[in-house]
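Student: Provided herewith: entry_29.pdb, PDB, C-alpha atoms, pLDDT in the B column.
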```
ATOM      1  CA  MET A   1      89.877 134.119  90.658  1.00 59.00           C
ATOM      2  CA  HIS A   2      93.569 133.191  90.445  1.00 78.00           C
ATOM      3  CA  THR A   3      94.870 132.185  87.010  1.00 90.00           C
ATOM      4  CA  TYR A   4      96.982 129.017  87.249  1.00 95.00           C
ATOM      5  CA  HIS A   5     100.199 129.840  85.364  1.00 97.00           C
ATOM      6  CA  LEU A   6     102.280 126.994  83.928  1.00 98.00           C
ATOM      7  CA  ALA A   7     105.720 127.136  82.294  1.00 98.00           C
ATOM      8  CA  VAL A   8     106.598 124.293  79.913  1.00 98.00           C
ATOM      9  CA  CYS A   9     110.371 124.096  79.299  1.00 98.00           C
ATOM     10  CA  GLU A  10     111.335 121.548  76.628  1.00 97.00           C
ATOM     11  CA  ASP A  11     113.845 121.972  73.796  1.00 96.00           C
ATOM     12  CA  ASN A  12     112.029 119.632  71.396  1.00 96.00           C
ATOM     13  CA  VAL A  13     109.346 121.796  69.794  1.00 97.00           C
ATOM     14  CA  ILE A  14     107.046 118.871  68.906  1.00 96.00           C
ATOM     15  CA  ILE A  15     107.098 117.449  72.444  1.00 96.00           C
ATOM     16  CA  ARG A  16     106.731 120.957  73.920  1.00 97.00           C
ATOM     17  CA  GLU A  17     103.631 121.680  71.840  1.00 97.00           C
ATOM     18  CA  GLU A  18     102.177 118.277  72.763  1.00 97.00           C
ATOM     19  CA  ILE A  19     102.670 118.943  76.488  1.00 98.00           C
ATOM     20  CA  CYS A  20     101.137 122.417  76.201  1.00 98.00           C
ATOM     21  CA  GLN A  21      98.116 121.024  74.369  1.00 98.00           C
ATOM     22  CA  LEU A  22      97.589 118.274  76.947  1.00 98.00           C
ATOM     23  CA  CYS A  23      97.866 120.737  79.840  1.00 98.00           C
ATOM     24  CA  ASP A  24      95.377 123.066  78.168  1.00 97.00           C
ATOM     25  CA  GLU A  25      92.892 120.227  77.567  1.00 96.00           C
ATOM     26  CA  ILE A  26      93.158 118.953  81.161  1.00 94.00           C
ATOM     27  CA  LEU A  27      92.706 122.375  82.772  1.00 94.00           C
ATOM     28  CA  THR A  28      89.943 123.391  80.361  1.00 92.00           C
ATOM     29  CA  GLU A  29      87.989 120.226  81.199  1.00 88.00           C
ATOM     30  CA  ASP A  30      88.316 121.069  84.902  1.00 84.00           C
ATOM     31  CA  LYS A  31      87.294 124.695  84.237  1.00 80.00           C
ATOM     32  CA  ILE A  32      90.460 125.989  85.908  1.00 88.00           C
ATOM     33  CA  ALA A  33      91.461 129.428  84.614  1.00 89.00           C
ATOM     34  CA  HIS A  34      94.999 129.020  83.310  1.00 95.00           C
ATOM     35  CA  LYS A  35      97.849 130.392  81.230  1.00 97.00           C
ATOM     36  CA  ILE A  36     100.647 128.346  79.652  1.00 98.00           C
ATOM     37  CA  SER A  37     104.025 129.842  78.694  1.00 98.00           C
ATOM     38  CA  GLU A  38     106.499 127.962  76.479  1.00 98.00           C
ATOM     39  CA  PHE A  39     110.294 127.944  76.818  1.00 98.00           C
ATOM     40  CA  SER A  40     112.843 126.194  74.609  1.00 97.00           C
ATOM     41  CA  SER A  41     115.709 126.382  77.130  1.00 97.00           C
ATOM     42  CA  ALA A  42     116.268 126.484  80.881  1.00 97.00           C
ATOM     43  CA  ALA A  43     118.348 129.654  80.500  1.00 97.00           C
ATOM     44  CA  GLU A  44     115.392 131.407  78.840  1.00 97.00           C
ATOM     45  CA  LEU A  45     113.096 130.391  81.688  1.00 97.00           C
ATOM     46  CA  GLN A  46     115.665 131.336  84.349  1.00 96.00           C
ATOM     47  CA  LYS A  47     115.880 134.852  82.926  1.00 96.00           C
ATOM     48  CA  ILE A  48     112.131 135.319  83.464  1.00 96.00           C
ATOM     49  CA  LEU A  49     112.314 133.823  86.973  1.00 96.00           C
ATOM     50  CA  ASP A  50     115.216 136.121  87.873  1.00 94.00           C
ATOM     51  CA  GLU A  51     113.088 139.131  86.920  1.00 92.00           C
ATOM     52  CA  GLU A  52     109.892 137.951  88.639  1.00 89.00           C
ATOM     53  CA  GLU A  53     110.452 134.986  90.940  1.00 77.00           C
ATOM     54  CA  GLU A  54     106.818 134.141  91.671  1.00 82.00           C
ATOM     55  CA  CYS A  55     105.364 134.513  88.170  1.00 91.00           C
ATOM     56  CA  PHE A  56     104.630 130.773  87.717  1.00 96.00           C
ATOM     57  CA  ASP A  57     102.653 128.270  89.781  1.00 96.00           C
ATOM     58  CA  LEU A  58     104.024 125.129  88.102  1.00 97.00           C
ATOM     59  CA  LEU A  59     107.119 124.358  86.029  1.00 98.00           C
ATOM     60  CA  LEU A  60     107.200 121.360  83.685  1.00 98.00           C
ATOM     61  CA  LEU A  61     110.927 120.855  83.089  1.00 97.00           C
ATOM     62  CA  ASP A  62     112.709 118.554  80.676  1.00 95.00           C
ATOM     63  CA  ILE A  63     115.554 117.139  82.753  1.00 91.00           C
ATOM     64  CA  GLN A  64     118.088 116.808  79.930  1.00 88.00           C
ATOM     65  CA  MET A  65     118.461 119.816  77.588  1.00 90.00           C
ATOM     66  CA  GLU A  66     121.316 121.484  75.743  1.00 89.00           C
ATOM     67  CA  GLY A  67     123.108 124.029  77.902  1.00 92.00           C
ATOM     68  CA  MET A  68     121.577 124.310  81.357  1.00 94.00           C
ATOM     69  CA  THR A  69     119.460 121.259  82.183  1.00 92.00           C
ATOM     70  CA  GLY A  70     116.067 121.292  83.835  1.00 93.00           C
ATOM     71  CA  MET A  71     117.626 119.591  86.852  1.00 92.00           C
ATOM     72  CA  GLU A  72     120.282 122.303  87.167  1.00 94.00           C
ATOM     73  CA  LEU A  73     117.631 125.016  86.996  1.00 96.00           C
ATOM     74  CA  ALA A  74     115.546 123.249  89.656  1.00 95.00           C
ATOM     75  CA  CYS A  75     118.555 122.986  91.987  1.00 93.00           C
ATOM     76  CA  LYS A  76     119.316 126.696  91.546  1.00 95.00           C
ATOM     77  CA  LEU A  77     115.734 127.600  92.394  1.00 95.00           C
ATOM     78  CA  ARG A  78     115.712 125.474  95.532  1.00 92.00           C
ATOM     79  CA  LYS A  79     119.059 126.909  96.690  1.00 92.00           C
ATOM     80  CA  ARG A  80     117.504 130.350  96.737  1.00 92.00           C
ATOM     81  CA  GLU A  81     114.426 128.900  98.512  1.00 91.00           C
ATOM     82  CA  ASN A  82     112.063 129.227  95.570  1.00 93.00           C
ATOM     83  CA  ARG A  83     109.349 126.622  96.315  1.00 92.00           C
ATOM     84  CA  VAL A  84     107.594 126.727  92.941  1.00 95.00           C
ATOM     85  CA  SER A  85     106.003 123.379  92.038  1.00 95.00           C
ATOM     86  CA  ILE A  86     107.982 121.256  89.563  1.00 96.00           C
ATOM     87  CA  ILE A  87     107.093 118.303  87.344  1.00 96.00           C
ATOM     88  CA  PHE A  88     110.100 116.708  85.651  1.00 95.00           C
ATOM     89  CA  ILE A  89     109.925 115.293  82.127  1.00 93.00           C
ATOM     90  CA  THR A  90     112.526 112.804  80.974  1.00 89.00           C
ATOM     91  CA  GLY A  91     113.224 110.157  78.392  1.00 85.00           C
ATOM     92  CA  TYR A  92     115.726 108.312  80.584  1.00 76.00           C
ATOM     93  CA  GLU A  93     115.005 106.447  83.800  1.00 73.00           C
ATOM     94  CA  ASP A  94     118.624 106.968  84.909  1.00 67.00           C
ATOM     95  CA  TYR A  95     117.815 110.569  85.824  1.00 59.00           C
ATOM     96  CA  LEU A  96     114.938 109.748  88.161  1.00 59.00           C
ATOM     97  CA  LYS A  97     117.105 109.134  91.221  1.00 62.00           C
ATOM     98  CA  ASP A  98     118.801 112.547  90.958  1.00 62.00           C
ATOM     99  CA  GLY A  99     115.844 114.829  91.526  1.00 60.00           C
ATOM    100  CA  TYR A 100     114.360 113.948  94.891  1.00 66.00           C
ATOM    101  CA  GLN A 101     116.397 116.662  96.591  1.00 77.00           C
ATOM    102  CA  VAL A 102     114.299 119.318  94.828  1.00 86.00           C
ATOM    103  CA  GLN A 103     110.993 117.646  95.849  1.00 88.00           C
ATOM    104  CA  PRO A 104     109.153 117.504  92.503  1.00 91.00           C
ATOM    105  CA  ILE A 105     105.443 116.785  92.253  1.00 92.00           C
ATOM    106  CA  ASP A 106     106.171 113.909  89.862  1.00 90.00           C
ATOM    107  CA  TYR A 107     108.377 112.527  87.095  1.00 90.00           C
ATOM    108  CA  LEU A 108     106.825 111.918  83.672  1.00 92.00           C
ATOM    109  CA  MET A 109     108.466 109.607  81.178  1.00 92.00           C
ATOM    110  CA  LYS A 110     108.359 110.368  77.458  1.00 92.00           C
ATOM    111  CA  PRO A 111     106.114 109.789  75.589  1.00 93.00           C
ATOM    112  CA  ILE A 112     103.820 111.623  78.015  1.00 95.00           C
ATOM    113  CA  ASP A 113     100.963 109.570  79.440  1.00 95.00           C
ATOM    114  CA  ARG A 114      97.862 111.771  79.678  1.00 95.00           C
ATOM    115  CA  LYS A 115      96.503 110.047  82.797  1.00 93.00           C
ATOM    116  CA  ARG A 116      99.806 110.441  84.623  1.00 94.00           C
ATOM    117  CA  LEU A 117     100.051 114.106  83.604  1.00 97.00           C
ATOM    118  CA  THR A 118      96.457 114.695  84.706  1.00 94.00           C
ATOM    119  CA  ARG A 119      97.136 113.163  88.103  1.00 92.00           C
ATOM    120  CA  ALA A 120     100.295 115.239  88.580  1.00 94.00           C
ATOM    121  CA  ILE A 121      98.581 118.519  87.682  1.00 95.00           C
ATOM    122  CA  HIS A 122      95.589 117.716  89.869  1.00 89.00           C
ATOM    123  CA  THR A 123      97.904 116.894  92.792  1.00 89.00           C
ATOM    124  CA  ASP A 124      99.659 120.238  92.527  1.00 92.00           C
ATOM    125  CA  TRP A 125      96.438 122.209  92.032  1.00 90.00           C
ATOM    126  CA  LYS A 126      94.681 120.585  94.986  1.00 82.00           C
ATOM    127  CA  TRP A 127      97.644 120.794  97.382  1.00 83.00           C
ATOM    128  CA  ASN A 128      99.023 124.187  96.515  1.00 87.00           C
ATOM    129  CA  HIS A 129      96.723 126.416  94.492  1.00 86.00           C
ATOM    130  CA  SER A 130      93.026 125.654  94.854  1.00 81.00           C
ATOM    131  CA  PRO A 131      91.222 128.376  96.862  1.00 82.00           C
ATOM    132  CA  LYS A 132      90.340 127.536 100.464  1.00 88.00           C
ATOM    133  CA  THR A 133      88.095 130.494 101.311  1.00 91.00           C
ATOM    134  CA  ILE A 134      85.562 132.785  99.680  1.00 91.00           C
ATOM    135  CA  VAL A 135      85.001 136.305 101.029  1.00 92.00           C
ATOM    136  CA  LEU A 136      81.534 137.846 100.549  1.00 94.00           C
ATOM    137  CA  GLN A 137      80.184 141.298 101.312  1.00 92.00           C
ATOM    138  CA  LYS A 138      77.207 141.591 103.675  1.00 92.00           C
ATOM    139  CA  ARG A 139      75.884 144.920 104.966  1.00 89.00           C
ATOM    140  CA  GLY A 140      79.242 146.630 104.561  1.00 90.00           C
ATOM    141  CA  ARG A 141      81.332 143.908 106.161  1.00 93.00           C
ATOM    142  CA  ALA A 142      83.547 141.209 104.649  1.00 94.00           C
ATOM    143  CA  VAL A 143      82.522 137.666 105.604  1.00 94.00           C
ATOM    144  CA  PRO A 144      85.093 134.893 104.996  1.00 94.00           C
ATOM    145  CA  ILE A 145      83.636 131.419 104.432  1.00 95.00           C
ATOM    146  CA  SER A 146      85.653 128.213 104.342  1.00 94.00           C
ATOM    147  CA  LEU A 147      84.910 126.339 101.107  1.00 94.00           C
ATOM    148  CA  ALA A 148      85.245 123.022 102.930  1.00 92.00           C
ATOM    149  CA  SER A 149      82.396 124.008 105.278  1.00 96.00           C
ATOM    150  CA  ILE A 150      79.895 124.656 102.449  1.00 97.00           C
ATOM    151  CA  LEU A 151      77.500 121.757 101.857  1.00 97.00           C
ATOM    152  CA  TYR A 152      75.422 123.483  99.187  1.00 98.00           C
ATOM    153  CA  VAL A 153      74.083 126.867  98.148  1.00 98.00           C
ATOM    154  CA  GLU A 154      70.360 127.413  97.654  1.00 97.00           C
ATOM    155  CA  GLY A 155      68.800 130.238  95.663  1.00 95.00           C
ATOM    156  CA  ALA A 156      65.756 131.930  97.196  1.00 86.00           C
ATOM    157  CA  ASN A 157      63.959 135.288  96.670  1.00 83.00           C
ATOM    158  CA  HIS A 158      66.772 137.201  94.913  1.00 87.00           C
ATOM    159  CA  SER A 159      69.302 135.940  97.466  1.00 95.00           C
ATOM    160  CA  VAL A 160      71.301 132.817  98.255  1.00 96.00           C
ATOM    161  CA  VAL A 161      71.518 130.700 101.393  1.00 96.00           C
ATOM    162  CA  PHE A 162      74.846 129.066 102.237  1.00 97.00           C
ATOM    163  CA  HIS A 163      74.124 125.771 103.997  1.00 97.00           C
ATOM    164  CA  ARG A 164      77.286 124.927 105.929  1.00 96.00           C
ATOM    165  CA  THR A 165      78.443 122.326 108.378  1.00 94.00           C
ATOM    166  CA  ASP A 166      78.237 125.033 111.075  1.00 91.00           C
ATOM    167  CA  GLY A 167      74.918 126.656 110.162  1.00 93.00           C
ATOM    168  CA  GLU A 168      73.254 128.800 107.499  1.00 94.00           C
ATOM    169  CA  GLU A 169      73.780 132.349 106.247  1.00 94.00           C
ATOM    170  CA  THR A 170      71.949 134.403 103.617  1.00 95.00           C
ATOM    171  CA  PHE A 171      73.584 136.826 101.175  1.00 96.00           C
ATOM    172  CA  SER A 172      72.171 139.216  98.590  1.00 94.00           C
ATOM    173  CA  PHE A 173      73.615 137.614  95.455  1.00 94.00           C
ATOM    174  CA  SER A 174      72.125 135.784  92.512  1.00 93.00           C
ATOM    175  CA  MET A 175      72.905 132.105  91.950  1.00 94.00           C
ATOM    176  CA  MET A 176      74.819 132.995  88.797  1.00 92.00           C
ATOM    177  CA  GLU A 177      76.994 135.498  90.679  1.00 93.00           C
ATOM    178  CA  ILE A 178      77.843 132.921  93.355  1.00 94.00           C
ATOM    179  CA  GLU A 179      78.448 130.213  90.768  1.00 91.00           C
ATOM    180  CA  ASN A 180      81.031 132.461  89.114  1.00 87.00           C
ATOM    181  CA  MET A 181      82.766 133.136  92.452  1.00 89.00           C
ATOM    182  CA  LEU A 182      83.093 129.511  93.579  1.00 89.00           C
ATOM    183  CA  PRO A 183      85.586 126.986  92.106  1.00 85.00           C
ATOM    184  CA  MET A 184      83.681 125.509  89.168  1.00 76.00           C
ATOM    185  CA  GLY A 185      85.278 122.086  89.355  1.00 81.00           C
ATOM    186  CA  GLN A 186      84.182 121.700  92.969  1.00 89.00           C
ATOM    187  CA  PHE A 187      80.765 123.414  93.048  1.00 94.00           C
ATOM    188  CA  VAL A 188      78.261 122.145  90.472  1.00 95.00           C
ATOM    189  CA  ARG A 189      74.579 122.820  89.812  1.00 96.00           C
ATOM    190  CA  SER A 190      72.219 119.936  90.480  1.00 96.00           C
ATOM    191  CA  HIS A 191      69.143 122.098  89.922  1.00 96.00           C
ATOM    192  CA  ASN A 192      68.233 125.685  88.990  1.00 94.00           C
ATOM    193  CA  SER A 193      68.179 126.518  92.698  1.00 96.00           C
ATOM    194  CA  PHE A 194      70.983 124.326  94.078  1.00 97.00           C
ATOM    195  CA  LEU A 195      74.767 124.465  93.794  1.00 97.00           C
ATOM    196  CA  VAL A 196      76.439 121.480  95.470  1.00 98.00           C
ATOM    197  CA  ASN A 197      79.933 121.046  96.934  1.00 97.00           C
ATOM    198  CA  LEU A 198      81.188 117.783  95.397  1.00 95.00           C
ATOM    199  CA  ASP A 199      83.443 117.216  98.425  1.00 93.00           C
ATOM    200  CA  HIS A 200      80.301 116.414 100.439  1.00 96.00           C
ATOM    201  CA  VAL A 201      78.517 114.180  97.904  1.00 97.00           C
ATOM    202  CA  LYS A 202      78.003 110.617  99.141  1.00 95.00           C
ATOM    203  CA  GLU A 203      75.731 109.231  96.407  1.00 95.00           C
ATOM    204  CA  ILE A 204      73.946 110.312  93.228  1.00 96.00           C
ATOM    205  CA  ARG A 205      70.572 108.900  92.218  1.00 94.00           C
ATOM    206  CA  ARG A 206      68.117 109.895  89.505  1.00 92.00           C
ATOM    207  CA  SER A 207      66.173 112.425  91.544  1.00 94.00           C
ATOM    208  CA  TYR A 208      68.437 113.289  94.465  1.00 96.00           C
ATOM    209  CA  VAL A 209      72.032 113.905  95.474  1.00 97.00           C
ATOM    210  CA  TYR A 210      72.795 112.504  98.932  1.00 97.00           C
ATOM    211  CA  LEU A 211      75.329 114.383 101.042  1.00 97.00           C
ATOM    212  CA  ASP A 212      77.595 112.996 103.757  1.00 93.00           C
ATOM    213  CA  GLU A 213      75.634 115.029 106.324  1.00 86.00           C
ATOM    214  CA  GLY A 214      72.464 113.081 105.422  1.00 88.00           C
ATOM    215  CA  LYS A 215      70.806 115.851 103.404  1.00 93.00           C
ATOM    216  CA  GLU A 216      68.953 115.107 100.140  1.00 96.00           C
ATOM    217  CA  ILE A 217      69.364 117.705  97.366  1.00 97.00           C
ATOM    218  CA  PRO A 218      67.102 117.525  94.290  1.00 97.00           C
ATOM    219  CA  ILE A 219      68.759 116.895  90.968  1.00 97.00           C
ATOM    220  CA  GLY A 220      66.984 118.184  87.865  1.00 95.00           C
ATOM    221  CA  ARG A 221      66.619 115.982  84.798  1.00 93.00           C
ATOM    222  CA  LYS A 222      68.584 118.366  82.593  1.00 94.00           C
ATOM    223  CA  TYR A 223      71.413 118.544  85.164  1.00 96.00           C
ATOM    224  CA  TYR A 224      71.748 114.832  85.953  1.00 95.00           C
ATOM    225  CA  ARG A 225      74.236 113.800  83.290  1.00 94.00           C
ATOM    226  CA  LYS A 226      76.546 116.806  83.609  1.00 93.00           C
ATOM    227  CA  PHE A 227      76.473 116.593  87.393  1.00 95.00           C
ATOM    228  CA  GLN A 228      77.413 112.911  87.337  1.00 93.00           C
ATOM    229  CA  GLU A 229      80.254 113.541  84.861  1.00 90.00           C
ATOM    230  CA  ALA A 230      81.553 116.438  86.961  1.00 89.00           C
ATOM    231  CA  PHE A 231      81.463 114.287  90.105  1.00 92.00           C
ATOM    232  CA  ILE A 232      83.421 111.434  88.473  1.00 88.00           C
ATOM    233  CA  ARG A 233      86.019 113.837  87.106  1.00 80.00           C
ATOM    234  CA  TYR A 234      86.378 115.555  90.483  1.00 83.00           C
ATOM    235  CA  MET A 235      86.749 112.302  92.424  1.00 82.00           C
ATOM    236  CA  ASN A 236      89.364 111.007  89.968  1.00 72.00           C
ATOM    237  CA  ARG A 237      91.658 113.987  90.496  1.00 65.00           C
TER     238      ARG A 237
END
```
Would you put the structure from the file into structure tokens?
Tutor:
Amino acid sequence: MHTYHLAVCEDNVIIREEICQLCDEILTEDKIAHKISEFSSAAELQKILDEEEECFDLLLLDIQMEGMTGMELACKLRKRENRVSIIFITGYEDYLKDGYQVQPIDYLMKPIDRKRLTRAIHTDWKWNHSPKTIVLQKRGRAVPISLASILYVEGANHSVVFHRTDGEETFSFSMMEIENMLPMGQFVRSHNSFLVNLDHVKEIRRSYVYLDEGKEIPIGRKYYRKFQEAFIRYMNR
């Protein structure tokens, strides 16, 4: 699975460490595999980008820094058609009007608000980086499956059945193997034998999860609380 790579560029070491910690906490809670690289100047970050243009998925840039500013770096990247996602960080509202030409995901005012940062990261992840398809092997052939089409996965007799909006298909995998292949923030166990796509959940009750297609999926007592928490977190992205 792809590792979501963030670059945090901020010349104030205390603020930089705070941003890195918040990003790590947010992505860890969502079970998104990630890596965070720290930079104390835009020039330092530009050097890395010049060597390997597509090494980062998201840049968190302080707009105003000594030497090259975050805004100047962003403009340089866009001029050479680098479409990397950008979140600007600033302590001054005066700078907000200057950055729309580089199409940032968001602007965050200092001190950083965790909810606002969470929303910005979730927006970028969902729009630009979350996987759309899983490819499984079946009798020597590769079978691509749209994640959006999966309602739930059911374990049965040393295999799994993918229940989709367009039918069913069985594969020779264990539930644990499939659970590790699917995006963990989106697909959550409701029962030992059921892995549910939260995009299709309409309602959660004590004994059943109700899907938008009308299907009832059992929810085990030991899974109820974690499933409900996962659903709330996913819907609030």
Student: Excluding Asn82 in chain A and any residue of its chain fewer than 4 positions from it, enumerate the residues within 12 Å of it, using all atoms listed in the file, and give them as JSON, numbers by chain.
Tutor: {"A": [46, 49, 50, 52, 53, 54, 55, 56, 57, 58, 59, 73, 74, 75, 76, 77, 78, 86, 102, 103]}
Student: Residues within 8 Å of Val153 in chain A, please, as a CSV table (one decimal) with C-alpha atoms, in the frame of the given file. Count all atoms listed in the file; anything in the same chain fewer than 3 positions from it doesn't count.
Tutor:
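To be explicit, this is the file written out as out17.csv:
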```csv
chain,number,residue,atom,x,y,z
A,150,ILE,CA,79.9,124.7,102.4
A,160,VAL,CA,71.3,132.8,98.3
A,161,VAL,CA,71.5,130.7,101.4
A,162,PHE,CA,74.8,129.1,102.2
A,163,HIS,CA,74.1,125.8,104.0
A,194,PHE,CA,71.0,124.3,94.1
A,195,LEU,CA,74.8,124.5,93.8
A,196,VAL,CA,76.4,121.5,95.5
```
Student: For this file, the PyMOL selection byres ((chain A and resi 137-148) around 12) selects which residues, as a PyMOL selection string?
Tutor: chain A and resi 130-136+149-153+159-160+162-173+178+181-183+186-187+196-200
Student: With C-alpha atoms kept, could you save the residues just selected as a short mmCIF file (atom, residue, chain, number, x, y, z; two decimals), in the coordinates of the input?
Tutor:
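And here's part_33.cif as it stands now:
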```cif
data_model
loop_
_atom_site.label_atom_id
_atom_site.label_comp_id
_atom_site.auth_asym_id
_atom_site.auth_seq_id
_atom_site.Cartn_x
_atom_site.Cartn_y
_atom_site.Cartn_z
CA SER A 130 93.03 125.65 94.85
CA PRO A 131 91.22 128.38 96.86
CA LYS A 132 90.34 127.54 100.46
CA THR A 133 88.10 130.49 101.31
CA ILE A 134 85.56 132.78 99.68
CA VAL A 135 85.00 136.30 101.03
CA LEU A 136 81.53 137.85 100.55
CA SER A 149 82.40 124.01 105.28
CA ILE A 150 79.90 124.66 102.45
CA LEU A 151 77.50 121.76 101.86
CA TYR A 152 75.42 123.48 99.19
CA VAL A 153 74.08 126.87 98.15
CA SER A 159 69.30 135.94 97.47
CA VAL A 160 71.30 132.82 98.26
CA PHE A 162 74.85 129.07 102.24
CA HIS A 163 74.12 125.77 104.00
CA ARG A 164 77.29 124.93 105.93
CA THR A 165 78.44 122.33 108.38
CA ASP A 166 78.24 125.03 111.08
CA GLY A 167 74.92 126.66 110.16
CA GLU A 168 73.25 128.80 107.50
CA GLU A 169 73.78 132.35 106.25
CA THR A 170 71.95 134.40 103.62
CA PHE A 171 73.58 136.83 101.18
CA SER A 172 72.17 139.22 98.59
CA PHE A 173 73.61 137.61 95.46
CA ILE A 178 77.84 132.92 93.36
CA MET A 181 82.77 133.14 92.45
CA LEU A 182 83.09 129.51 93.58
CA PRO A 183 85.59 126.99 92.11
CA GLN A 186 84.18 121.70 92.97
CA PHE A 187 80.76 123.41 93.05
CA VAL A 196 76.44 121.48 95.47
CA ASN A 197 79.93 121.05 96.93
CA LEU A 198 81.19 117.78 95.40
CA ASP A 199 83.44 117.22 98.42
CA HIS A 200 80.30 116.41 100.44
#
```
Student: In Å, with one decimal, what is the gap from CA of Gln64 in chain A to CA of His129 in chain A?
Tutor: 27.6 Å
Student: Between A:Ile63, A:Ile87, A:Ile204, A:Met176, which one has atoms that come closest to Thr123 in chain A, using all atoms listed in the file?
Tutor: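 The answer is A:Ile87, which sits nearest to Thr123 in chain A.
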Student: Of the candidates A:Leu27, A:Ile105, A:Ile217, A:Met68, which one gets nearest to Thr118 in chain A if we count only C-alpha atoms?
Tutor: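 Answer, going by the shortest atom-to-atom distance: A:Leu27.
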Student: Distance CA of Ile121 in chain A-CA of Ile89 in chain A, one decimal place?
Tutor: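 A separation of 13.0 Å between them.
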Student: Contacts of Tyr208 in chain A at 9 Å or less, counting all atoms listed in the file, minus same-chain residues fewer than 6 places along, as a ChimeraX atom specification?
Tutor: /A:190,216-220
Student: Extract, using all atoms listed in the file, all DNA, RNA and protein residues at most 10 Å from Ala43 in chain A, discarding same-chain residues fewer than 4 positions from it, and format them as a PyMOL selection string.
Tutor: chain A and resi 9+39+47-49+66-70+73
Student: Mind pulling up the distance from CA of Glu29 in chain A to CA of Leu45 in chain A?
Tutor: 27.1 Å
Student: Env of Leu60 in chain A: 12 Å cut, atoms = only C-alpha atoms, seq-sep filter 6 positions within chain, self excluded. Answer as an MDAnalysis selection string.
Tutor: chainID A and resid 5:11 15:16 19:20 23 36:42 45 70:71 73:74 84:90 104:108 112 117 120:121 124
Student: Can you spit out the residues from that selection as a compact mmCIF listing (two decimals), in the coordinates of the input, using C-alpha atoms?
Tutor:
```txt
# COMPACT_ATOMS: atom_id res chain seq x y z
CA HIS A 5 100.20 129.84 85.36
CA LEU A 6 102.28 126.99 83.93
CA ALA A 7 105.72 127.14 82.29
CA VAL A 8 106.60 124.29 79.91
CA CYS A 9 110.37 124.10 79.30
CA GLU A 10 111.34 121.55 76.63
CA ASP A 11 113.84 121.97 73.80
CA ILE A 15 107.10 117.45 72.44
CA ARG A 16 106.73 120.96 73.92
CA ILE A 19 102.67 118.94 76.49
CA CYS A 20 101.14 122.42 76.20
CA CYS A 23 97.87 120.74 79.84
CA ILE A 36 100.65 128.35 79.65
CA SER A 37 104.02 129.84 78.69
CA GLU A 38 106.50 127.96 76.48
CA PHE A 39 110.29 127.94 76.82
CA SER A 40 112.84 126.19 74.61
CA SER A 41 115.71 126.38 77.13
CA ALA A 42 116.27 126.48 80.88
CA LEU A 45 113.10 130.39 81.69
CA GLY A 70 116.07 121.29 83.84
CA MET A 71 117.63 119.59 86.85
CA LEU A 73 117.63 125.02 87.00
CA ALA A 74 115.55 123.25 89.66
CA VAL A 84 107.59 126.73 92.94
CA SER A 85 106.00 123.38 92.04
CA ILE A 86 107.98 121.26 89.56
CA ILE A 87 107.09 118.30 87.34
CA PHE A 88 110.10 116.71 85.65
CA ILE A 89 109.92 115.29 82.13
CA THR A 90 112.53 112.80 80.97
CA PRO A 104 109.15 117.50 92.50
CA ILE A 105 105.44 116.78 92.25
CA ASP A 106 106.17 113.91 89.86
CA TYR A 107 108.38 112.53 87.10
CA LEU A 108 106.82 111.92 83.67
CA ILE A 112 103.82 111.62 78.02
CA LEU A 117 100.05 114.11 83.60
CA ALA A 120 100.30 115.24 88.58
CA ILE A 121 98.58 118.52 87.68
CA ASP A 124 99.66 120.24 92.53
```
Student: Given 5 Å on each side, where is the centre and what are the edge lengths in Å to one decimal of the axis-aligned box enclosing the listed atoms of range 152-155 of chain A, as lines of an AutoDock Vina configuration file?
Tutor:
```
center_x = 72.1
center_y = 126.9
center_z = 97.4
size_x = 16.6
size_y = 16.8
size_z = 13.5
```
Student: Pick out the closest residue to Asn236 in chain A from this set: A:Ser193, A:Arg119, A:Lys202, A:Ala33. Count all atoms listed in the file.
Tutor: A:Arg119
Student: Can you give me, as a list in words, the residues this file yields under the PyMOL selection byres ((chain A and resi 233) around 12)?
Tutor: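 Matching residues under the PyMOL selection byres ((chain A and resi 233) around 12) are Ile26, Leu27, Glu29, Asp30, Lys31, Lys115, Thr118, Arg119, His122, Gly185, Gln186, Val188, Leu198, Lys226, Phe227, Gln228, Glu229, Ala230, Phe231, Ile232, Tyr234, Met235, Asn236 and Arg237 of chain A.
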